[in-house]
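Participant: One structure is given below, represented as structure tokens, and several questions about it will come after.
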Amino acid sequence: MKRVFLIVLDSCGIGAMPDAAAFGDGACHTLRRIAGSSAFSAATLQRLGLGNIDGVDVVPATAHPMAAVARMTERSAGKDTTIGHWEIAGVVSTTPLPTYPEGFPAEVLEAFSAATGRGVLCNRPYSGTQVIRDYGEEHVRTGDLIVYTSADSVFQVAAHEDVIPVETLYDYCRIARQLLQGVHGVGRVIARPFTGTAPDYTRTANRRDFSLEPPAETLLDALTAAGRSVLAVGKISDIFAGRGITERIPTHSNEEGMAAALALQSREFEGLAFINLVDFDMLYGHRQDVDGYAAALTAFDGWLPTFLDGMGPEDVLMITADHGCDPGDSHTDHTREYTPWLVYGPSVRPVNLGTRPTFADIAATVAGYLGVAYAGAGEDLTDRMMSV
């Protein structure tokens, strides 16, 4: 019973790509940044071979790594969650998704207001925590929706849970998703509920993403068509608009995501468990919290031995990321970085695969290991890293 557990450490980049400046980034390096914190420890990741990956010098290399390793290059024109995950699943996006550094045009907001019956506040790129501090009180008084964006291709809608129930906010976001197609087809519409009183409003864990459907067949589509399971943990189902998913397992934190991964080890299934751990990005990267990010990675590293001990004879664990989000650079947005790829399992040879040209090699290798035909953008590396 072949199973792949693919864990995305959301935003855990390992150094600026050569074209980072074209994406507004300087010498970004998420891993190096957090490795400088006293809260950082990565003993298990080091044993797996994190320090053996090309360009990684902040974690010592080991003479006998446990995993196959590679440095992954994003070939898509972006540095956001949607495009990163799509490429991990085999689809390269050559055209960037639209962004709105000056806010959304009037025709978009007018259509959204007409459909929801509510006005709009803000309509600018904004920090998610600062926007509710600056506009929360007016929102509570008027019922108008706080709409904002970032450097990424997102349309974010914030609302107080006592003013607009969470399910109603989700409905408003579904309306926005239907409107934002074609030229205004942003990668994600994001519901951002919050609670509390002014000025100390707090975002809740009821965030939900409403993504565009991928523009081509993904690994997930191919697996489900072949009768394999695709178990989506965290925001994976949202990122793929529910397509190619056999079971959605929502979570609200890294802790819940790791608990879900352990629970899946005891279930019988053949296919893929695709797991996103969002706290790295959402709670620490965007909020420029170096120590918090470091502590979160340390917690993941401390959890890993329990997961490794529970792996079955045909299980494969893959650990990667979808982009960077350097918590100590000059801005709060994602960063254009290489990502790690660690592959561990009883059948995996601990080879160094160098620097790969696309995240899509992950999809091709998962498909190859599971015996499913998939004509995605990547190269199947099973023959180079697996003994069976």
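Letters for chains follow the order of the structure tokens (A, B, ...), residue numbers begin at 1 for each chain, and ligand numbers begin at 1 in the order shown.
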If we count only C-alpha atoms, what is near Arg208 of chain A at a cut-off of 9 Å, once residues fewer than 2 positions away on the same chain are taken out, given as number ranges by chain?

Facilitator: A: 170, 189-192, 205-206, 210, 235, 238

Participant: So that I can check the secondary structure, give me every residue of segment 200-361 of chain A assigned strand (DSSP E) by backbone DSSP, as a ChimeraX atom specification.

Facilitator: /A:202-203,208-211,229-233,247-249,271-277,315-320,339-344,352-356

Participant: Output C-alpha atoms for every residue in the selection just made, as an mmCIF file, in the first residue's frame.

Facilitator:
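The result, stored in selection_11.cif:
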data_model
loop_
_atom_site.group_PDB
_atom_site.id
_atom_site.type_symbol
_atom_site.label_atom_id
_atom_site.label_comp_id
_atom_site.auth_asym_id
_atom_site.auth_seq_id
_atom_site.Cartn_x
_atom_site.Cartn_y
_atom_site.Cartn_z
ATOM 1 C CA THR A 202 -7.872 39.917 16.714
ATOM 2 C CA ARG A 203 -8.088 37.773 13.604
ATOM 3 C CA ARG A 208 -10.868 30.517 4.412
ATOM 4 C CA ASP A 209 -9.403 30.761 0.905
ATOM 5 C CA PHE A 210 -11.422 30.627 -2.313
ATOM 6 C CA SER A 211 -9.015 29.952 -5.157
ATOM 7 C CA SER A 229 -6.926 8.845 -2.505
ATOM 8 C CA VAL A 230 -6.036 12.523 -2.213
ATOM 9 C CA LEU A 231 -6.409 13.616 1.408
ATOM 10 C CA ALA A 232 -6.130 17.401 1.681
ATOM 11 C CA VAL A 233 -5.051 18.686 5.106
ATOM 12 C CA GLU A 247 -11.312 14.130 1.361
ATOM 13 C CA ARG A 248 -10.916 17.585 2.891
ATOM 14 C CA ILE A 249 -9.474 17.786 6.417
ATOM 15 C CA GLY A 271 -2.360 7.687 -2.645
ATOM 16 C CA LEU A 272 -1.403 11.120 -1.359
ATOM 17 C CA ALA A 273 -1.824 12.975 1.921
ATOM 18 C CA PHE A 274 -1.133 16.612 0.973
ATOM 19 C CA ILE A 275 -0.559 18.714 4.103
ATOM 20 C CA ASN A 276 -0.084 22.476 4.441
ATOM 21 C CA LEU A 277 1.283 23.928 7.682
ATOM 22 C CA ASP A 315 5.385 5.138 2.974
ATOM 23 C CA VAL A 316 7.288 8.121 1.606
ATOM 24 C CA LEU A 317 7.555 11.477 3.394
ATOM 25 C CA MET A 318 8.274 14.594 1.337
ATOM 26 C CA ILE A 319 8.932 17.977 2.941
ATOM 27 C CA THR A 320 8.998 21.162 0.855
ATOM 28 C CA THR A 339 12.642 25.838 -1.506
ATOM 29 C CA PRO A 340 13.861 22.596 0.086
ATOM 30 C CA TRP A 341 12.824 19.098 -0.914
ATOM 31 C CA LEU A 342 13.517 16.268 1.514
ATOM 32 C CA VAL A 343 12.339 12.750 0.607
ATOM 33 C CA TYR A 344 12.485 10.008 3.228
ATOM 34 C CA ASN A 352 21.590 14.628 -3.578
ATOM 35 C CA LEU A 353 19.585 15.675 -6.632
ATOM 36 C CA GLY A 354 21.185 19.103 -6.851
ATOM 37 C CA THR A 355 19.147 22.107 -7.923
ATOM 38 C CA ARG A 356 15.977 21.166 -9.779
#

Participant: Env of Glu268 of chain A: 10 Å cut, atoms = only C-alpha atoms, seq-sep filter 5 positions within chain, self excluded. Answer as a short mmCIF file (atom, residue, chain, number, x, y, z; two decimals) with N, CA and C atoms, in the first residue's frame.

Facilitator:
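Everything below was put into selection.cif:
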data_model
loop_
_atom_site.label_atom_id
_atom_site.label_comp_id
_atom_site.auth_asym_id
_atom_site.auth_seq_id
_atom_site.Cartn_x
_atom_site.Cartn_y
_atom_site.Cartn_z
N MET A 1 0.85 -1.19 0.00
CA MET A 1 0.00 0.00 0.00
C MET A 1 0.89 1.24 0.00
N LYS A 2 1.08 1.82 -1.17
CA LYS A 2 1.98 2.96 -1.30
C LYS A 2 1.27 4.25 -0.90
N ARG A 3 1.91 4.99 0.00
CA ARG A 3 1.36 6.27 0.46
C ARG A 3 2.46 7.32 0.44
#

Participant: Of the residues A:Leu179, A:Cys122, A:Ala39, A:Ser76, which is the one nearest to Gly292 of chain A, using only C-alpha atoms?

Facilitator: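 Nearest to Gly292 of chain A: A:Ala39.
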
Participant: For atom CA of Ser41 of chain A and atom CA of Met72 of chain A, determine how far apart the two atoms are, in Å to one decimal place.

Facilitator: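 Atom CA of Met72 of chain A lies at a distance of 22.5 Å from atom CA of Ser41 of chain A.
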
Participant: What's around Ala67 of chain A at 8 Å? Count only C-alpha atoms, leave out sequence neighbours fewer than 6 positions away in its own chain, and write the answer as a list of chain:residue names.

Facilitator: A:Leu48, A:Gly49, A:Leu342, A:Val343, A:Tyr344, A:Gly345, A:Val348, A:Arg349, A:Pro350, A:Val351

Participant: Taking only segment 179-376 of chain A into account, list the residues labelled alpha helix (DSSP H) by DSSP (computed from the backbone), as a ChimeraX atom specification.

Facilitator: /A:179,219-225,236-239,254-265,279,290-309,361-370

Participant: At what distance in Å, to one decimal, does atom CA of Gly234 of chain A lie from atom CA of Thr251 of chain A?

Facilitator: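 According to the coordinates, atom CA of Thr251 of chain A and atom CA of Gly234 of chain A are separated by 4.7 Å.
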
Participant: If you count only C-alpha atoms, which residues fall within 10 Å of Ala222 of chain A, apart from same-chain ones fewer than 3 positions away, as a PDB file with N, CA and C atoms, in the first residue's frame?

Facilitator:
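In the end it all went to out_0.pdb:
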ATOM      1  N   GLU A 217      -4.562  20.169 -15.919  1.00  0.00           N
ATOM      2  CA  GLU A 217      -4.655  18.995 -15.064  1.00  0.00           C
ATOM      3  C   GLU A 217      -3.516  18.995 -14.060  1.00  0.00           C
ATOM      4  N   THR A 218      -3.839  18.759 -12.805  1.00  0.00           N
ATOM      5  CA  THR A 218      -2.827  18.663 -11.762  1.00  0.00           C
ATOM      6  C   THR A 218      -2.592  17.198 -11.380  1.00  0.00           C
ATOM      7  N   LEU A 219      -1.559  16.992 -10.586  1.00  0.00           N
ATOM      8  CA  LEU A 219      -1.313  15.673 -10.011  1.00  0.00           C
ATOM      9  C   LEU A 219      -2.546  15.156  -9.292  1.00  0.00           C
ATOM     10  N   ALA A 225      -8.456  10.407 -10.716  1.00  0.00           N
ATOM     11  CA  ALA A 225      -8.940   9.721 -11.907  1.00  0.00           C
ATOM     12  C   ALA A 225      -8.469   8.269 -11.936  1.00  0.00           C
ATOM     13  N   ALA A 226      -7.308   8.012 -11.334  1.00  0.00           N
ATOM     14  CA  ALA A 226      -6.760   6.656 -11.304  1.00  0.00           C
ATOM     15  C   ALA A 226      -7.247   5.865 -10.091  1.00  0.00           C
ATOM     16  N   GLY A 227      -8.147   6.446  -9.306  1.00  0.00           N
ATOM     17  CA  GLY A 227      -8.707   5.736  -8.165  1.00  0.00           C
ATOM     18  C   GLY A 227      -7.892   5.815  -6.897  1.00  0.00           C
ATOM     19  N   ARG A 228      -6.891   6.708  -6.861  1.00  0.00           N
ATOM     20  CA  ARG A 228      -6.098   6.878  -5.650  1.00  0.00           C
ATOM     21  C   ARG A 228      -6.764   7.909  -4.735  1.00  0.00           C
ATOM     22  N   GLY A 244      -9.898  17.546  -7.543  1.00  0.00           N
ATOM     23  CA  GLY A 244      -8.955  16.448  -7.382  1.00  0.00           C
ATOM     24  C   GLY A 244      -8.802  15.971  -5.953  1.00  0.00           C
ATOM     25  N   ALA A 367       3.663  10.905  -8.729  1.00  0.00           N
ATOM     26  CA  ALA A 367       2.905  10.097  -9.684  1.00  0.00           C
ATOM     27  C   ALA A 367       3.682   8.837 -10.058  1.00  0.00           C
ATOM     28  N   VAL A 372       0.986   6.120 -11.335  1.00  0.00           N
ATOM     29  CA  VAL A 372      -0.094   6.813 -12.036  1.00  0.00           C
ATOM     30  C   VAL A 372       0.494   7.647 -13.162  1.00  0.00           C
ATOM     31  N   ALA A 373      -0.073   7.532 -14.335  1.00  0.00           N
ATOM     32  CA  ALA A 373       0.379   8.323 -15.475  1.00  0.00           C
ATOM     33  C   ALA A 373      -0.037   9.778 -15.288  1.00  0.00           C
ATOM     34  N   TYR A 374       0.925  10.684 -15.434  1.00  0.00           N
ATOM     35  CA  TYR A 374       0.623  12.103 -15.321  1.00  0.00           C
ATOM     36  C   TYR A 374       1.587  12.898 -16.186  1.00  0.00           C
ATOM     37  N   ALA A 375       1.051  13.648 -17.124  1.00  0.00           N
ATOM     38  CA  ALA A 375       1.870  14.417 -18.062  1.00  0.00           C
ATOM     39  C   ALA A 375       1.991  15.863 -17.608  1.00  0.00           C
ATOM     40  N   GLY A 376       2.556  16.072 -16.426  1.00  0.00           N
ATOM     41  CA  GLY A 376       2.758  17.424 -15.931  1.00  0.00           C
ATOM     42  C   GLY A 376       4.075  17.994 -16.413  1.00  0.00           C
TER      43      GLY A 376
END

Participant: What lies within 7 Å of Ser150 of chain A using only C-alpha atoms, ignoring chain neighbours under 4 positions off, as a list in words?

Facilitator: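 So, after excluding close chain neighbours, the residues are Pro125, Tyr126 and Val154 of chain A.
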
Participant: Write a file of the selected residues as a short mmCIF file (atom, residue, chain, number, x, y, z; two decimals), in the first residue's frame, keeping N, CA, C and O atoms.

Facilitator:
data_model
loop_
_atom_site.label_atom_id
_atom_site.label_comp_id
_atom_site.auth_asym_id
_atom_site.auth_seq_id
_atom_site.Cartn_x
_atom_site.Cartn_y
_atom_site.Cartn_z
N PRO A 125 -3.50 47.92 -0.67
CA PRO A 125 -2.61 46.93 -0.05
C PRO A 125 -2.41 47.29 1.42
O PRO A 125 -2.19 48.46 1.76
N TYR A 126 -2.49 46.29 2.28
CA TYR A 126 -2.46 46.59 3.72
C TYR A 126 -2.00 45.36 4.49
O TYR A 126 -2.23 44.23 4.08
N VAL A 154 -4.45 38.65 -4.41
CA VAL A 154 -5.48 38.32 -3.43
C VAL A 154 -6.50 39.44 -3.30
O VAL A 154 -6.17 40.62 -3.43
#

Participant: For the atom pair atom CA of Ala216 of chain A and atom CA of Val91 of chain A, what is the interatomic distance in Å to one decimal place?

Facilitator: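 Between atom CA of Ala216 of chain A and atom CA of Val91 of chain A the gap is 6.6 Å.
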
Participant: Can you pull out the residues contacting Arg32 of chain A? Cut-off 8 Å, using only C-alpha atoms, and skip same-chain residues under 2 positions away; I want them as a list of chain:residue names.

Facilitator: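 In the requested format, the answer is A:Ile14, A:Gly15, A:His29, A:Thr30, A:Ile34, A:Ala35, A:Gly36, A:Val58.
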
Participant: Just to be explicit: take each residue in the selection above, keep C-alpha atoms, and write the result as a compact mmCIF listing (two decimals), in the first residue's frame.

Facilitator:
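Listed below is the output, selection.txt:
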# COMPACT_ATOMS: atom_id res chain seq x y z
CA ILE A 14 16.05 28.68 1.57
CA GLY A 15 17.53 31.67 -0.25
CA HIS A 29 16.62 34.08 2.99
CA THR A 30 13.88 32.80 5.28
CA ILE A 34 15.25 32.26 11.54
CA ALA A 35 18.42 30.24 12.10
CA GLY A 36 19.85 33.33 13.77
CA VAL A 58 23.04 27.76 8.08

Participant: From the set A:Val278, A:Arg141, A:Asp162, A:Leu370, which residue has the shortest atom-to-atom contact distance to Arg207 of chain A, counting only C-alpha atoms?

Facilitator: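 Smallest separation from Arg207 of chain A among the options: A:Val278.
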
Participant: Each residue of segment 53-115 of chain A lying at most 10 Å from segment 7-10 of chain A should get a row with its shortest atom-to-atom pair and the distance in Å to one decimal, counting only C-alpha atoms; could you produce that, ordered by chain and increasing number, as a tab-separated table?

Facilitator:
residue	atom	partner	partner_atom	distance
A:Thr81	CA	A:Asp10	CA	8.0
A:Gly84	CA	A:Asp10	CA	9.8
A:His85	CA	A:Val8	CA	8.8
A:Ile88	CA	A:Val8	CA	9.5

Participant: Can I get the selected residues back with C-alpha atoms, as a compact mmCIF listing (two decimals), in the first residue's frame?

Facilitator:
# COMPACT_ATOMS: atom_id res chain seq x y z
CA THR A 81 0.65 30.36 -2.34
CA GLY A 84 3.52 27.71 -5.70
CA HIS A 85 1.16 24.88 -4.82
CA ILE A 88 4.22 21.54 -6.73

Participant: For a quick check of understanding, using only C-alpha atoms, which of A:Thr129, A:Ser237, A:Asn123, A:Thr204 has the smallest distance to Ile146 of chain A?

Facilitator: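 Distance minimum relative to Ile146 of chain A lands on A:Asn123.
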